[in-house]
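The next block holds one structure in the form of structure tokens; read it before the comments.
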Amino acid sequence: MRIGAGYDVHRFAESGQLRLGGVEIAEAPALIGHSDGDALIHAVIDALLGAAGEGDIGEHFPPGDPATAGIDSRELLTRVMRLVAARGYRVVNVDATVIAERPRLRPHIAAMREALARDLGVEAGAVNVKATTNEGLGAIGAGEALAAHAVALLDEGEG
């Protein structure tokens with residue numbers, strides 16, 4: 001078994017629609033990023049790559065690469081899952097925490113878990129997503145940004 005950890009943070013844009021964990025959330029603007037800015041998926045990608053010993057998201061999808069400008073982060077996750085499988089690993093579980101003052105994420109947690117589980121090829125019970133605030137501290141606490149942490153456990157063999 002192999003474990004990996006991931007982290008990502010993005011500032012909110014002035015407009016657009018937030019996409020988090022592959023789910024559209026109307027209550028907040030989009031996140032600024034080279035791709036669609038989905039910080040939760042980016043943290044999961046880094047956790048998977050770390051567990052597989054394959055570096056980080058920036059190595060695989062450089063921020064200046066025009067081929068990934070504006071890309072759906074779920075597509076990036078699909079590509080990483082192909083790499084994980086090619087290395088002989090399968091996902092056992094993922095645990096993630098989103099840190100944000102806005103929007104309220106509780107109503108969207110189940111949808112995020114289901115979307116991530118589909119993309120990871122596991123049951124929804126193997127994916128946990130939690131949300132917390134930054135207690136008003138820093139850019140996240142001021143509602144200017146959102147961050148996500150993720151941990152992934154991989155095992156050898158097929159799903």
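As shown in the structure tokens, the chain order sets the letters A, B, ...; within each chain, residues go from 1, and ligands are also counted from 1 in the order they appear.
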Check your understanding: as a PyMOL selection string, which residues of chain A does DSSP assign to strand (DSSP E)?
Key -> chain A and resi 2-11+18-20+23-25+89-99+127-132+145-156
Go ahead and save the residues from that selection, with C-alpha atoms, as a PDB file, in the first residue's frame.
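What landed in out.pdb:
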ATOM      1  CA  ARG A   2       1.115   3.543  -0.765  1.00  0.00           C
ATOM      2  CA  ILE A   3      -0.166   6.846   0.581  1.00  0.00           C
ATOM      3  CA  GLY A   4       0.072  10.306  -0.939  1.00  0.00           C
ATOM      4  CA  ALA A   5      -0.961  13.790   0.122  1.00  0.00           C
ATOM      5  CA  GLY A   6      -2.067  16.722  -2.004  1.00  0.00           C
ATOM      6  CA  TYR A   7      -2.811  20.410  -1.507  1.00  0.00           C
ATOM      7  CA  ASP A   8      -4.073  23.194  -3.738  1.00  0.00           C
ATOM      8  CA  VAL A   9      -5.291  26.760  -3.312  1.00  0.00           C
ATOM      9  CA  HIS A  10      -6.886  29.198  -5.773  1.00  0.00           C
ATOM     10  CA  ARG A  11      -8.260  32.730  -5.541  1.00  0.00           C
ATOM     11  CA  LEU A  18     -17.420  27.643  -9.132  1.00  0.00           C
ATOM     12  CA  ARG A  19     -16.556  24.068 -10.032  1.00  0.00           C
ATOM     13  CA  LEU A  20     -15.400  21.977  -7.088  1.00  0.00           C
ATOM     14  CA  VAL A  23     -19.632  19.780  -9.349  1.00  0.00           C
ATOM     15  CA  GLU A  24     -20.983  23.159 -10.464  1.00  0.00           C
ATOM     16  CA  ILE A  25     -21.829  25.376  -7.473  1.00  0.00           C
ATOM     17  CA  TYR A  89      -2.087   0.526  -8.614  1.00  0.00           C
ATOM     18  CA  ARG A  90      -5.750   0.939  -7.741  1.00  0.00           C
ATOM     19  CA  VAL A  91      -7.388   3.470  -5.475  1.00  0.00           C
ATOM     20  CA  VAL A  92      -8.387   2.151  -2.057  1.00  0.00           C
ATOM     21  CA  ASN A  93      -9.754   5.432  -0.710  1.00  0.00           C
ATOM     22  CA  VAL A  94      -9.452   9.213  -0.807  1.00  0.00           C
ATOM     23  CA  ASP A  95     -10.079  11.612   2.067  1.00  0.00           C
ATOM     24  CA  ALA A  96     -10.248  15.347   1.320  1.00  0.00           C
ATOM     25  CA  THR A  97     -10.901  18.579   3.181  1.00  0.00           C
ATOM     26  CA  VAL A  98     -11.955  21.844   1.553  1.00  0.00           C
ATOM     27  CA  ILE A  99     -11.159  25.027   3.477  1.00  0.00           C
ATOM     28  CA  VAL A 127     -14.333   8.867  -1.042  1.00  0.00           C
ATOM     29  CA  ASN A 128     -14.749  11.284   1.831  1.00  0.00           C
ATOM     30  CA  VAL A 129     -15.069  15.048   1.421  1.00  0.00           C
ATOM     31  CA  LYS A 130     -15.205  17.410   4.380  1.00  0.00           C
ATOM     32  CA  ALA A 131     -15.539  21.185   4.547  1.00  0.00           C
ATOM     33  CA  THR A 132     -14.310  23.644   7.137  1.00  0.00           C
ATOM     34  CA  ALA A 145      -9.601  32.068  -1.878  1.00  0.00           C
ATOM     35  CA  LEU A 146     -10.359  28.402  -1.317  1.00  0.00           C
ATOM     36  CA  ALA A 147      -7.970  25.535  -0.482  1.00  0.00           C
ATOM     37  CA  ALA A 148      -8.158  21.764  -0.449  1.00  0.00           C
ATOM     38  CA  HIS A 149      -6.116  18.972   1.136  1.00  0.00           C
ATOM     39  CA  ALA A 150      -6.387  15.341   0.036  1.00  0.00           C
ATOM     40  CA  VAL A 151      -4.904  12.005   1.021  1.00  0.00           C
ATOM     41  CA  ALA A 152      -5.054   8.969  -1.263  1.00  0.00           C
ATOM     42  CA  LEU A 153      -4.317   5.342  -0.493  1.00  0.00           C
ATOM     43  CA  LEU A 154      -3.283   3.083  -3.375  1.00  0.00           C
ATOM     44  CA  ASP A 155      -2.793  -0.661  -3.418  1.00  0.00           C
ATOM     45  CA  GLU A 156      -1.260  -2.955  -5.998  1.00  0.00           C
TER      46      GLU A 156
END
Exercise for review: Just give me the gap between CA of Ala126 in chain A and CA of Leu105 in chain A in Å, one decimal is fine.
Suggested key: 19.4 Å
Check your understanding: Of the residues A:Met1, A:Val80, A:Met112, A:Ile32, which is the one nearest to Pro63 in chain A, using only C-alpha atoms?
Key ->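 Under the stated criterion, the closest residue is A:Ile32.
The smallest atom-to-atom distance between Asp36 in chain A and any of A:Ile109, A:Asp119, A:Ile140, A:Gln17, using only C-alpha atoms, is found for A:Gln17.
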Point to revise | Filtered DSSP result for chain A, state alpha helix (DSSP H), as a PyMOL selection string | key: chain A and resi 39-51+57-60+73-86+109-120+138-141
Go ahead and save the picked residues with C-alpha atoms, as a PDB file, in the first residue's frame.
ATOM      1  CA  ALA A  39      -8.794  22.979  -6.285  1.00  0.00           C
ATOM      2  CA  LEU A  40     -10.372  19.828  -4.831  1.00  0.00           C
ATOM      3  CA  ILE A  41      -9.612  17.729  -7.897  1.00  0.00           C
ATOM      4  CA  HIS A  42      -6.125  19.234  -8.095  1.00  0.00           C
ATOM      5  CA  ALA A  43      -5.424  18.206  -4.494  1.00  0.00           C
ATOM      6  CA  VAL A  44      -6.707  14.681  -5.240  1.00  0.00           C
ATOM      7  CA  ILE A  45      -4.499  14.512  -8.349  1.00  0.00           C
ATOM      8  CA  ASP A  46      -1.428  15.482  -6.308  1.00  0.00           C
ATOM      9  CA  ALA A  47      -2.306  12.879  -3.668  1.00  0.00           C
ATOM     10  CA  LEU A  48      -2.630  10.157  -6.319  1.00  0.00           C
ATOM     11  CA  LEU A  49       0.592  11.165  -8.051  1.00  0.00           C
ATOM     12  CA  GLY A  50       2.404  11.257  -4.714  1.00  0.00           C
ATOM     13  CA  ALA A  51       1.174   7.806  -3.743  1.00  0.00           C
ATOM     14  CA  ILE A  57       0.391  17.996 -11.034  1.00  0.00           C
ATOM     15  CA  GLY A  58       2.730  20.733 -12.281  1.00  0.00           C
ATOM     16  CA  GLU A  59       5.115  18.167 -13.757  1.00  0.00           C
ATOM     17  CA  HIS A  60       2.355  16.388 -15.673  1.00  0.00           C
ATOM     18  CA  SER A  73     -10.018  19.085 -14.198  1.00  0.00           C
ATOM     19  CA  ARG A  74     -11.987  15.840 -14.414  1.00  0.00           C
ATOM     20  CA  GLU A  75     -10.142  15.174 -17.680  1.00  0.00           C
ATOM     21  CA  LEU A  76      -6.834  15.711 -15.883  1.00  0.00           C
ATOM     22  CA  LEU A  77      -7.982  13.266 -13.188  1.00  0.00           C
ATOM     23  CA  THR A  78      -8.907  10.710 -15.872  1.00  0.00           C
ATOM     24  CA  ARG A  79      -5.397  10.989 -17.314  1.00  0.00           C
ATOM     25  CA  VAL A  80      -3.832  10.549 -13.880  1.00  0.00           C
ATOM     26  CA  MET A  81      -6.017   7.512 -13.202  1.00  0.00           C
ATOM     27  CA  ARG A  82      -4.713   5.942 -16.430  1.00  0.00           C
ATOM     28  CA  LEU A  83      -1.154   6.557 -15.199  1.00  0.00           C
ATOM     29  CA  VAL A  84      -1.941   5.101 -11.755  1.00  0.00           C
ATOM     30  CA  ALA A  85      -3.433   1.969 -13.376  1.00  0.00           C
ATOM     31  CA  ALA A  86      -0.472   1.650 -15.771  1.00  0.00           C
ATOM     32  CA  ILE A 109     -20.686  17.257  -0.421  1.00  0.00           C
ATOM     33  CA  ALA A 110     -22.651  14.162  -1.526  1.00  0.00           C
ATOM     34  CA  ALA A 111     -22.526  15.223  -5.186  1.00  0.00           C
ATOM     35  CA  MET A 112     -18.772  15.869  -4.942  1.00  0.00           C
ATOM     36  CA  ARG A 113     -18.192  12.460  -3.361  1.00  0.00           C
ATOM     37  CA  GLU A 114     -20.206  10.741  -6.090  1.00  0.00           C
ATOM     38  CA  ALA A 115     -18.490  12.636  -8.925  1.00  0.00           C
ATOM     39  CA  LEU A 116     -15.034  11.914  -7.532  1.00  0.00           C
ATOM     40  CA  ALA A 117     -15.886   8.253  -6.915  1.00  0.00           C
ATOM     41  CA  ARG A 118     -17.014   7.842 -10.531  1.00  0.00           C
ATOM     42  CA  ASP A 119     -13.807   9.402 -11.827  1.00  0.00           C
ATOM     43  CA  LEU A 120     -11.665   7.335  -9.448  1.00  0.00           C
ATOM     44  CA  GLY A 138      -5.795  35.065   5.843  1.00  0.00           C
ATOM     45  CA  ALA A 139      -7.006  35.202   2.244  1.00  0.00           C
ATOM     46  CA  ILE A 140      -9.086  32.068   2.715  1.00  0.00           C
ATOM     47  CA  GLY A 141     -10.680  33.468   5.860  1.00  0.00           C
TER      48      GLY A 141
END
Exercise for review: Find the spatial neighbours of Gly16 in chain A, counting only C-alpha atoms, within a cut-off of 10 Å - ignore same-chain residues fewer than 4 positions away - and output them as number ranges by chain.
Suggested key: A: 12, 26, 28-32
Store the residues of this selection in a file with C-alpha atoms, as a CSV table (one decimal), in the first residue's frame.
chain,number,residue,atom,x,y,z
A,12,PHE,CA,-11.9,33.4,-6.5
A,26,ALA,CA,-23.8,28.5,-8.3
A,28,ALA,CA,-19.7,31.4,-5.6
A,29,PRO,CA,-17.7,32.6,-8.5
A,30,ALA,CA,-15.2,30.5,-10.4
A,31,LEU,CA,-11.6,29.9,-9.1
A,32,ILE,CA,-8.7,31.4,-11.0
Practice item. Quick one: pull the distance between CA of Ser15 in chain A and CA of Gly33 in chain A, Å, one decimal. Key: 13.1 Å
Review point. Between CA of Pro107 in chain A and CA of Glu123 in chain A, what is the spacing in Å?
Key: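 That distance, rounded to one decimal, is 19.9 Å.
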